[in-house]
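coords.cif follows; it contains mmCIF, C-alpha atoms.
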```cif
data_entry
loop_
_atom_site.label_atom_id
_atom_site.label_comp_id
_atom_site.auth_asym_id
_atom_site.auth_seq_id
_atom_site.Cartn_x
_atom_site.Cartn_y
_atom_site.Cartn_z
CA MET J 52 0.00 0.00 0.00
CA GLU J 53 2.84 2.41 0.77
CA GLN J 54 4.30 1.75 -2.67
CA ALA J 55 1.07 3.05 -4.20
CA TRP J 56 1.39 6.35 -2.34
CA LEU J 57 4.99 6.60 -3.49
CA TRP J 58 3.85 6.20 -7.10
CA PHE J 59 1.05 8.74 -6.71
CA GLY J 60 3.33 11.19 -4.90
CA VAL J 61 5.92 11.07 -7.66
CA ALA J 62 3.12 11.39 -10.24
CA GLY J 63 1.89 14.53 -8.46
CA LEU J 64 5.40 15.97 -8.40
CA THR J 65 5.69 15.26 -12.12
CA VAL J 66 2.43 17.13 -12.76
CA VAL J 67 3.85 20.13 -10.89
CA LEU J 68 7.00 19.97 -13.04
CA GLU J 69 4.75 19.76 -16.11
CA LEU J 70 3.13 23.06 -15.18
CA ALA J 71 6.56 24.67 -15.27
CA SER J 72 7.62 23.12 -18.58
CA GLY J 73 4.57 23.94 -20.70
CA THR J 74 4.54 20.67 -22.67
CA PHE J 75 2.26 17.67 -22.23
CA TYR J 76 5.01 15.04 -22.19
CA LEU J 77 5.58 15.06 -18.42
CA LEU J 78 1.83 14.75 -17.99
CA MET J 79 1.94 11.53 -20.00
CA VAL J 80 4.77 10.26 -17.78
CA ALA J 81 2.64 11.14 -14.74
CA LEU J 82 -0.15 9.00 -16.21
CA GLY J 83 2.31 6.14 -16.41
CA MET J 84 3.32 6.66 -12.79
CA SER J 85 -0.34 6.64 -11.80
CA ALA J 86 -0.69 3.31 -13.60
CA GLY J 87 2.20 2.04 -11.49
CA GLY J 88 0.31 3.23 -8.40
CA ILE J 89 -2.84 1.45 -9.51
CA ALA J 90 -0.82 -1.72 -10.08
CA ALA J 91 0.53 -1.34 -6.54
CA LEU J 92 -3.02 -0.96 -5.19
CA LEU J 93 -3.89 -4.21 -7.00
CA ARG J 94 -0.98 -5.82 -5.10
CA ALA J 95 1.16 -6.42 -8.18
CA ASP J 96 4.86 -7.14 -7.65
CA TRP J 97 7.39 -4.29 -7.87
CA PRO J 98 8.69 -5.28 -11.37
CA LEU J 99 5.11 -5.52 -12.69
CA GLN J 100 4.40 -2.03 -11.32
CA TRP J 101 7.38 -0.72 -13.32
CA VAL J 102 6.18 -2.53 -16.46
CA ALA J 103 2.69 -1.04 -16.08
CA ALA J 104 4.11 2.46 -15.54
CA ALA J 105 6.48 2.20 -18.50
CA ALA J 106 3.83 0.73 -20.83
CA VAL J 107 1.18 3.34 -20.03
CA ALA J 108 3.69 6.22 -20.21
CA GLY J 109 5.10 4.93 -23.50
CA VAL J 110 1.68 4.53 -25.11
CA ALA J 111 0.55 7.93 -23.79
CA VAL J 112 3.64 9.68 -25.17
CA TRP J 113 3.24 7.87 -28.51
CA LEU J 114 -0.44 8.93 -28.73
CA LEU J 115 0.44 12.50 -27.78
CA ARG J 116 3.13 12.60 -30.45
CA ARG J 117 0.59 11.50 -33.07
CA SER J 118 -2.00 14.08 -31.97
CA ARG J 119 -2.15 17.71 -33.07
CA PHE J 120 -0.65 18.76 -29.72
CA GLY J 121 2.53 16.79 -30.40
CA GLN J 122 3.15 18.01 -33.94
CA ARG J 123 6.20 20.13 -34.54
CA ARG J 124 5.36 23.70 -35.31
CA ILE J 125 6.54 25.07 -38.61
CA LYS J 126 8.74 28.07 -38.04
CA VAL J 127 7.25 31.20 -39.56
CA ASP J 128 9.44 33.80 -41.23
CA ALA J 129 8.69 36.79 -39.02
CA THR J 130 9.98 39.25 -41.63
CA ALA J 131 6.90 38.64 -43.82
CA ASP J 132 4.27 37.39 -41.36
CA PRO J 133 1.50 39.92 -40.62
CA ASN J 134 0.57 37.99 -37.46
CA THR J 135 4.04 38.64 -36.06
CA ASN J 136 4.70 42.12 -37.39
CA LEU J 137 1.69 44.42 -37.64
CA ASP J 138 3.44 46.70 -40.15
CA ILE J 139 3.19 44.02 -42.86
CA GLY J 140 0.37 45.01 -45.21
CA GLN J 141 0.40 48.70 -44.23
CA ARG J 142 0.62 51.44 -46.86
CA LEU J 143 3.22 54.12 -47.37
CA ARG J 144 3.89 56.69 -50.04
CA VAL J 145 7.23 56.93 -51.84
CA GLU J 146 7.83 60.08 -53.89
CA VAL J 147 11.36 59.60 -55.30
CA TRP J 148 13.31 56.42 -56.06
CA ARG J 149 17.03 56.14 -56.64
CA ALA J 150 18.32 54.22 -59.64
CA ASP J 151 19.20 51.19 -57.48
CA GLY J 152 15.54 50.66 -56.44
CA GLN J 153 15.96 52.15 -52.98
CA ALA J 154 14.42 55.21 -51.37
CA ARG J 155 13.76 56.98 -48.08
CA ALA J 156 10.14 57.40 -46.98
CA LYS J 157 8.32 58.68 -43.95
CA TYR J 158 6.40 55.96 -42.14
CA ARG J 159 5.01 56.14 -38.58
CA GLY J 160 6.69 59.48 -37.99
CA ALA J 161 10.21 58.39 -38.94
CA GLU J 162 12.36 58.09 -42.05
CA TRP J 163 12.80 54.51 -43.22
CA ASP J 164 14.96 52.85 -45.85
CA VAL J 165 12.67 51.40 -48.49
CA GLU J 166 13.55 48.84 -51.13
CA LEU J 167 11.48 47.47 -53.98
CA LEU J 168 10.78 43.77 -54.21
CA PRO J 169 12.04 42.08 -57.39
CA GLY J 170 9.84 42.77 -60.41
CA GLU J 171 8.50 46.09 -59.16
CA SER J 172 9.04 49.36 -61.03
CA PRO J 173 10.50 52.42 -59.24
CA SER J 174 7.69 54.92 -59.77
CA ALA J 175 6.20 57.35 -57.27
CA GLY J 176 3.01 56.29 -55.55
CA TRP J 177 1.49 54.18 -52.83
CA PHE J 178 3.14 50.94 -51.81
CA VAL J 179 2.35 48.05 -49.47
CA ILE J 180 4.92 46.79 -46.98
CA CYS J 181 5.58 43.10 -47.70
CA GLU J 182 8.65 42.46 -45.51
CA ILE J 183 10.69 44.16 -42.83
CA ARG J 184 14.31 43.27 -42.22
CA GLY J 185 15.97 45.40 -39.60
CA SER J 186 15.15 49.01 -40.40
CA ARG J 187 14.48 48.38 -44.10
CA LEU J 188 10.98 48.10 -45.55
CA TYR J 189 10.52 45.87 -48.62
CA VAL J 190 7.54 47.08 -50.62
CA ALA J 191 5.42 46.31 -53.67
CA HIS J 192 3.01 48.51 -55.62
CA GLU J 193 -0.41 48.76 -54.08
CA ALA J 194 -2.95 46.74 -56.07
CA GLY J 195 -5.91 48.64 -57.45
#
```
Entire entry expressed as structure tokens:
Amino acid sequence: MEQAWLWFGVAGLTVVLELASGTFYLLMVALGMSAGGIAALLRADWPLQWVAAAAVAGVAVWLLRRSRFGQRRIKVDATADPNTNLDIGQRLRVEVWRADGQARAKYRGAEWDVELLPGESPSAGWFVICEIRGSRLYVAHEAG
């Protein structure tokens, strides 16, 4: 009976560690430890308790890995992601372009370096910010 409380105590400690880590993997290990505690309550031998804990934890981790919560996140390029940088998609006006496709333009109260994306023509007008790298805005002509 005391082995069961040991299993459940360690499972509880693992849940607390899970709250600090932010993943679900330690929670799956805690499920396995709880299975070891249940095996102890059913008066299984010590090695069988370990087998039950390892099997349940292994299956739980495998199922978590196959679920949407265990999928690796695709890294997003923050330079062109409007969800990361709210300036993406905003408009600005460029009056004069240099021959190399670069300019200076006022945006949000400051002067910015502006560069045309490939295939764009350097003519005065309204542009849309497509990327930001450092302090340089990469723009394309506004559609419409």
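Using all atoms listed in the file for every distance, the candidate list J:Leu99, J:Ala150, J:Ala108, J:Ala91 yields J:Ala108 as the residue closest to Leu77 (chain J).
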Restricting the calculation to only C-alpha atoms: of J:Met84, J:Val61, J:Ala175, J:Ala191, which residue gets closest to Glu146 (chain J)?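 Closest to Glu146 (chain J), using only C-alpha atoms: J:Ala175.
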Nearest to Arg116 (chain J), chosen from J:Ile183, J:Leu137, J:Met79, J:Val102, with only C-alpha atoms counted in the distances: J:Met79
Hey, can you check how far CA of Arg94 (chain J) sits from CA of Val112 (chain J)?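 These two atoms are separated by 25.8 Å.
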I'd like the interatomic distance between CA of Asn136 (chain J) and CA of Pro173 (chain J), to a tenth of an Å.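 Taking CA of Asn136 (chain J) and CA of Pro173 (chain J), their separation equals 24.8 Å.
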Might you spell out which residues the PyMOL selection byres ((chain J and resi 194) around 9) would select in the displayed file, as a ChimeraX atom specification? /J:178-179,191-193,195
Selected residue, from J:Glu53, J:Leu64, J:Gly176, J:Cys181, that lies nearest to Asp128 (chain J) when counting all atoms listed in the file: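 The answer is J:Cys181, which sits nearest to Asp128 (chain J).
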Straight-line distance linking CA of Ala105 (chain J) with CA of Gly87 (chain J), stated in Å to one decimal: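 Straight-line distance from CA of Ala105 (chain J) to CA of Gly87 (chain J) works out to 8.2 Å.
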Determine the residue set returned by the PyMOL selection byres ((chain J and resi 56) around 10) for the present structure, and present it as a list in words.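 Evaluating the PyMOL selection byres ((chain J and resi 56) around 10) on these coordinates yields Met52, Glu53, Gln54, Ala55, Leu57, Trp58, Phe59, Gly60, Val61, Ala62, Ser85, Gly88, Ile89, Ala91 and Leu92 of chain J.
Distances from J:Gly83, J:Ile180, J:Phe120, J:Lys126 to Ala106 (chain J) were compared using all atoms listed in the file, and the smallest one belongs to J:Gly83.
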Residue with smallest distance to Ser172 (chain J) - pool J:Arg155, J:Arg149, J:Arg184, J:Arg119, counting all atoms listed in the file: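 Closest candidate: J:Arg149.
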Test item: residues at most 9 Å from Ala154 (chain J), only C-alpha atoms, excluding those fewer than 2 positions along its chain, as a VMD selection string: chain J and resid 145 to 149 151 to 152 156 163 to 167
